Amino acid sequence: MTDGLTREQVAWRIAQDMVDGSFVNLGIGQPELVANFLPEDREIIFHSENGILGMGPEPAPGEEDEELINAGKKPITLLPGGAIFHHADSFAMIRGGHIDACVLGAFQVAENGDLANWSTGGSGMVPAVGGAMDLAVGAKRVLVMTDHCTKTGEPKLVEKCSYPLTGTGVVNTVYTDLAVIDVTREGFLVRERVDSLSFEELQNRTGARLTLANDWRPLTAF
Amino acid sequence: MTDGLTREQVAWRIAQDMVDGSFVNLGIGQPELVANFLPEDREIIFHSENGILGMGPEPAPGEEDEELINAGKKPITLLPGGAIFHHADSFAMIRGGHIDACVLGAFQVAENGDLANWSTGGSGMVPAVGGAMDLAVGAKRVLVMTDHCTKTGEPKLVEKCSYPLTGTGVVNTVYTDLAVIDVTREGFLVRERVDSLSFEELQNRTGARLTLANDWRPLTAF
Amino acid sequence: MIDKTVVTLTEAVAHIKDGDTVFIAGFGDAGNPTELVHALIDQGAKDLTLVNNNSGNGFVGLAALLNTGRVRKMICSYPRSSHSVVFEELYHAGKIELETIPQGTLAERIRAAGAGIAGFYTPTSAGTPLAEGKEIRHFDGRDHVLERPLAADVALIKAETADRWGNLTYRLAARNFGPIMCMAAKCTIVQTRKLVPLGDIPPEQVVTPSIFVDRVVEVPHPMSERNAILNGEHYP
Amino acid sequence: MIDKTVVTLTEAVAHIKDGDTVFIAGFGDAGNPTELVHALIDQGAKDLTLVNNNSGNGFVGLAALLNTGRVRKMICSYPRSSHSVVFEELYHAGKIELETIPQGTLAERIRAAGAGIAGFYTPTSAGTPLAEGKEIRHFDGRDHVLERPLAADVALIKAETADRWGNLTYRLAARNFGPIMCMAAKCTIVQTRKLVPLGDIPPEQVVTPSIFVDRVVEVPHPMSERNAILNGEHYP
């Protein structure tokens, strides 16, 4: 996407909104990149669904431990202060509203905050949901990291999701390669957008009505 | 009660029915005596509601630890193999059917297994239930240790409890100073009775119909 | 940097408001956050609802707080003991409300609040006066009672060790209601015997993970409620 | 004397019956009771229902058990991964049933079965296809789904240390579903790296208390499923 940010830049942008001292769950895949771009002055405690608080960076090659992995089943490290607990306690943290923010991917986000990110509903697909539905209802802030459009140019921000839902009315903010958009009672509110597109061009790539915030800013990254 | 067993003898009698290797909860008060009379060849793991498995005997004088107490708030010891857990886990064990047997006191036991042991319903009483209702519904076997009659001679084994219930249809066996009585679908079945009373005399001291088991035995103790 | 430690007990309880529901951990002589409770007495918040397994003993800790007259309601499983004189007097004088809950249901309602469970069905208390007014439903051949979560504004907790993130361990039977109360309060305040450097508690031995804790204050030599009661001490 | 240890894996799984529901602990490469699963393959029980977060990888462990054709139904949250070829083939061939459950609901349903809770209301999955056919109820301003407990006949568990009573500890992220699966199975069978004398596990560090465990077998050097998959190994 020459018009917008790279995935790393979107991850950087999300990382800037992580609040010091907060407990954060990063979804499997692209959202994991966010951990690489945290401002150095912030201490964030990362949660992993499989019973971990205080995830640290990837281990050095050769230092991996098969019994120290994250929800994406990748080797991790534990920071001093890290803790291990079982799956029911881990999801008590999620569903109980203790996670300050989670970052999830999306197939679609609707203007009412509905999220579809686990299934395209195709009959040939094996239905697999993991912890997405728990995070969607449980995290205090649900942040979505996604390309603004699909590879074939279809908008992912829509009036109503056509894919099976993950949660209803759950999304707070969407970070795309083109914009940072809050979900409000009045629908999608553009907080930031890239300079390379006009607001009309952004609207054309979006499947629901956008409102530009009065105090909108250009979306930039490192 | 010159006609029957002492409390220690009833405790001894109950102890003989404790199955080797079982997990047992002894109610606060008289039932605690049962632990003193376990046959030496049996290893029983005692549970306490406040998050303890593997309770050992009373500590020696001067060895008490204020932070190692049982549900009756008395100092205890822990056996090798003991474990500590929180209150929700402790009652998960009880309600989840993991406790093989509990021994409870009773104000009344009805012939259908109803138990009343937490309140006499007096308007001046502060209603206090503790863990009795959880044990009544959760333990695999609910054993009752009680005098056969009240101090004023009223029967405690009755057709229907007049006191507020602790649980419905929960009691398996009643151990009194006069008899060992199973609660069956046909009501109270006398398994053992003291020699000093005739069956008719036992019936006269009981508020519901008794049946004498074909294989009944004399109730004796150490 | 995350640092949940505060230096004084006064600071630890400063924000507790009139009308708050307050969890007080502890069972018998084990795990009572007595110094935090006394700080709350000094602080002066009133119209409180307290949750504890019992209703206080003698004239220290929870009983001393009751004795200030600032507690509107007590929620517990067993509000009666050989030393619960303050509660009994208030109760018989009609000066305090009481909600008696079976102990396992009390624990499970607290956990449910912490775990985002809006209700659960338990067989405990079905067919008894404590189920009156509650929804009854038949599952698996027996009656069950619908119980709702029990949350609090504040939890007062006593831990053995704590670090600046708020990870906790408890000593022996002092664990009791601590871990679940930490989960279910908007603000969890902990007094700990030892404040330890981050990383000193091995990750597999953390009992309450940091996410459930808001403030930590070190109280290296907590008082013995038992001794205070035996000595007839009154707070303040 | 209580001694839950058995000497051989064969003995450990001997009683598993056709038609049983079997919990298999483990998440990713952590906490898989691979040797117990292989013993179950050798044992031959069929028409099984398996419960795991995923649906197996490669051709060892859970995937190898699926590959025998003896599994009627898989219950999991995420039956898809880069190496879940066996399950996907069976599923697309219509040879296995699948129940997909959100991961937190899966964990909570298992815990509920262990804790004697007959049902609970969770906001998870409300308004989604996974709530279809389930009771929906409004609490606290949002929809909740009624979920029922999920029990098993047998749990296969991997622990780090165990004693003859059945107390367990787990290593790091190998804990995952282990403690709750132990709670909710009629018979919990544990393979442990180390069998230790009674009393070696400090009481405050026991993760699964003895009451939830039925059999323990020592497997000092469990295989690495990851290496086996990378090497293309098949069991048997």
# chains A, B, ... in the order shown; residues from 1 in each chain; ligands from 1
$ interface_residues --of "chain C" --to "chain A" --cutoff "8 Å" --atoms "only C-alpha atoms" --output "list in words"
Met1, Ile2, Ala113, Gly114, Ala115, Gly116, Ile117, Asp163, Trp165, Asn167, Leu198, Gly199, Asp200, Ile201, Pro202, Pro203, Glu204, Gln205, Val206, Pro209, Ile211 and Phe212 of chain C
$ interface_residues --of "chain C" --to "chain D" --cutoff "12 Å" --atoms "only C-alpha atoms" --output "ChimeraX atom specification"
/C:104-105,107-109,111-113,115-124,136-149,160,169-176,201-207
$ select_by_dssp --residues "stretch 11-214 of chain B" --states "alpha helix (DSSP H)" --output "ChimeraX atom specification"
/B:11-16,87-95,132-138,199-204
$ residues_around --residues "B:Arg185" --least-positions-apart "4" --cutoff "10 Å" --atoms "only C-alpha atoms" --output "number ranges by chain"
B: 111-113, 169, 189
$ atom_distance --atom1 "atom CA of A:Pro39" --atom2 "atom CA of A:Ala15"
7.3 Å
$ select_by_dssp --residues "stretch 144-184 of chain C" --states "strand (DSSP E or B)" --output "PyMOL selection string"
chain C and resi 144-147+152-162+168-169
$ write_last_selection --atoms "all heavy atoms" --output "short mmCIF file (atom, residue, chain, number, x, y, z; two decimals), in the first residue's frame"
data_model
loop_
_atom_site.label_atom_id
_atom_site.label_comp_id
_atom_site.auth_asym_id
_atom_site.auth_seq_id
_atom_site.Cartn_x
_atom_site.Cartn_y
_atom_site.Cartn_z
N HIS C 144 -31.26 -26.04 41.70
CA HIS C 144 -30.12 -25.13 41.84
C HIS C 144 -30.64 -23.71 42.03
O HIS C 144 -31.72 -23.36 41.57
CB HIS C 144 -29.23 -25.19 40.59
CG HIS C 144 -28.47 -26.47 40.46
ND1 HIS C 144 -29.05 -27.64 40.05
CD2 HIS C 144 -27.16 -26.76 40.69
CE1 HIS C 144 -28.14 -28.60 40.03
NE2 HIS C 144 -26.98 -28.09 40.41
N VAL C 145 -29.84 -22.91 42.68
CA VAL C 145 -30.18 -21.53 42.99
C VAL C 145 -29.34 -20.62 42.09
O VAL C 145 -28.13 -20.83 41.96
CB VAL C 145 -29.88 -21.22 44.47
CG1 VAL C 145 -30.29 -19.79 44.81
CG2 VAL C 145 -30.58 -22.22 45.37
N LEU C 146 -29.98 -19.62 41.49
CA LEU C 146 -29.22 -18.64 40.70
C LEU C 146 -28.60 -17.62 41.65
O LEU C 146 -29.31 -16.96 42.42
CB LEU C 146 -30.13 -17.93 39.70
CG LEU C 146 -29.46 -16.80 38.90
CD1 LEU C 146 -28.32 -17.33 38.02
CD2 LEU C 146 -30.48 -16.06 38.04
N GLU C 147 -27.32 -17.50 41.61
CA GLU C 147 -26.61 -16.54 42.45
C GLU C 147 -25.90 -15.52 41.57
O GLU C 147 -25.38 -15.86 40.51
CB GLU C 147 -25.58 -17.25 43.34
CG GLU C 147 -26.20 -18.19 44.35
CD GLU C 147 -26.82 -17.48 45.55
OE1 GLU C 147 -26.72 -16.23 45.62
OE2 GLU C 147 -27.40 -18.18 46.40
N ALA C 152 -16.89 -5.43 44.99
CA ALA C 152 -16.69 -4.41 46.00
C ALA C 152 -15.96 -3.22 45.39
O ALA C 152 -15.34 -3.32 44.33
CB ALA C 152 -15.89 -4.96 47.17
N ASP C 153 -16.07 -2.09 46.07
CA ASP C 153 -15.30 -0.93 45.65
C ASP C 153 -13.83 -1.08 46.07
O ASP C 153 -12.93 -0.68 45.35
CB ASP C 153 -15.89 0.33 46.28
CG ASP C 153 -17.32 0.56 45.85
OD1 ASP C 153 -17.52 0.85 44.66
OD2 ASP C 153 -18.24 0.39 46.66
N VAL C 154 -13.65 -1.68 47.23
CA VAL C 154 -12.32 -1.75 47.81
C VAL C 154 -12.13 -3.13 48.44
O VAL C 154 -13.07 -3.69 49.01
CB VAL C 154 -12.17 -0.68 48.93
CG1 VAL C 154 -10.84 -0.83 49.66
CG2 VAL C 154 -12.32 0.72 48.35
N ALA C 155 -10.92 -3.67 48.31
CA ALA C 155 -10.56 -4.88 49.06
C ALA C 155 -9.36 -4.55 49.95
O ALA C 155 -8.41 -3.92 49.50
CB ALA C 155 -10.20 -6.02 48.11
N LEU C 156 -9.46 -4.97 51.21
CA LEU C 156 -8.33 -4.84 52.13
C LEU C 156 -7.77 -6.25 52.37
O LEU C 156 -8.49 -7.14 52.81
CB LEU C 156 -8.79 -4.22 53.46
CG LEU C 156 -9.49 -2.86 53.35
CD1 LEU C 156 -9.84 -2.33 54.74
CD2 LEU C 156 -8.63 -1.85 52.59
N ILE C 157 -6.48 -6.41 52.07
CA ILE C 157 -5.87 -7.73 51.97
C ILE C 157 -4.58 -7.76 52.77
O ILE C 157 -3.87 -6.75 52.84
CB ILE C 157 -5.53 -8.02 50.48
CG1 ILE C 157 -6.78 -7.88 49.59
CG2 ILE C 157 -4.84 -9.37 50.31
CD1 ILE C 157 -7.83 -8.93 49.78
N LYS C 158 -4.29 -8.93 53.34
CA LYS C 158 -3.00 -9.10 54.02
C LYS C 158 -2.19 -10.17 53.27
O LYS C 158 -2.64 -11.30 53.13
CB LYS C 158 -3.21 -9.56 55.45
CG LYS C 158 -1.91 -9.71 56.25
CD LYS C 158 -2.21 -10.38 57.58
CE LYS C 158 -1.02 -10.32 58.52
NZ LYS C 158 -1.34 -11.06 59.76
N ALA C 159 -1.01 -9.78 52.81
CA ALA C 159 -0.14 -10.71 52.09
C ALA C 159 1.13 -10.95 52.88
O ALA C 159 1.43 -10.23 53.84
CB ALA C 159 0.19 -10.16 50.71
N GLU C 160 1.86 -11.97 52.45
CA GLU C 160 3.16 -12.25 53.08
C GLU C 160 4.26 -11.49 52.34
O GLU C 160 5.04 -10.78 52.94
CB GLU C 160 3.42 -13.76 53.04
CG GLU C 160 4.70 -14.19 53.69
CD GLU C 160 4.72 -13.96 55.19
OE1 GLU C 160 3.66 -13.67 55.78
OE2 GLU C 160 5.82 -14.06 55.78
N THR C 161 4.32 -11.66 51.00
CA THR C 161 5.28 -10.90 50.20
C THR C 161 4.54 -10.22 49.06
O THR C 161 3.51 -10.71 48.57
CB THR C 161 6.38 -11.81 49.59
OG1 THR C 161 5.77 -12.78 48.76
CG2 THR C 161 7.19 -12.50 50.67
N ALA C 162 5.09 -9.09 48.63
CA ALA C 162 4.53 -8.34 47.51
C ALA C 162 5.68 -7.63 46.82
O ALA C 162 6.70 -7.30 47.45
CB ALA C 162 3.49 -7.33 47.99
N LEU C 168 1.54 -11.12 44.65
CA LEU C 168 1.42 -11.46 46.06
C LEU C 168 1.63 -12.94 46.33
O LEU C 168 1.28 -13.79 45.50
CB LEU C 168 0.01 -11.13 46.59
CG LEU C 168 -0.57 -9.74 46.37
CD1 LEU C 168 -1.95 -9.66 47.01
CD2 LEU C 168 0.36 -8.66 46.92
N THR C 169 2.17 -13.23 47.51
CA THR C 169 2.04 -14.56 48.11
C THR C 169 1.41 -14.39 49.49
O THR C 169 1.42 -13.29 50.05
CB THR C 169 3.39 -15.27 48.29
OG1 THR C 169 4.14 -14.61 49.31
CG2 THR C 169 4.19 -15.30 46.99
#
$ residues_around --residues "A:Asp177" --least-positions-apart "6" --cutoff "9 Å" --atoms "only C-alpha atoms" --output "list in words"
Met1, Asp3, Gly4, Leu5, Thr6, Arg7, Gln9, Val10, Met145, Thr146, Asp147, His148, Arg193 and Val194 of chain A
$ residues_around --residues "A:Ala208" --least-positions-apart "2" --cutoff "6 Å" --atoms "only C-alpha atoms" --output "list in words"
Val158, Glu159 and Thr206 of chain A
$ atom_distance --atom1 "atom CA of A:Ser196" --atom2 "atom CA of A:Glu32"
26.8 Å
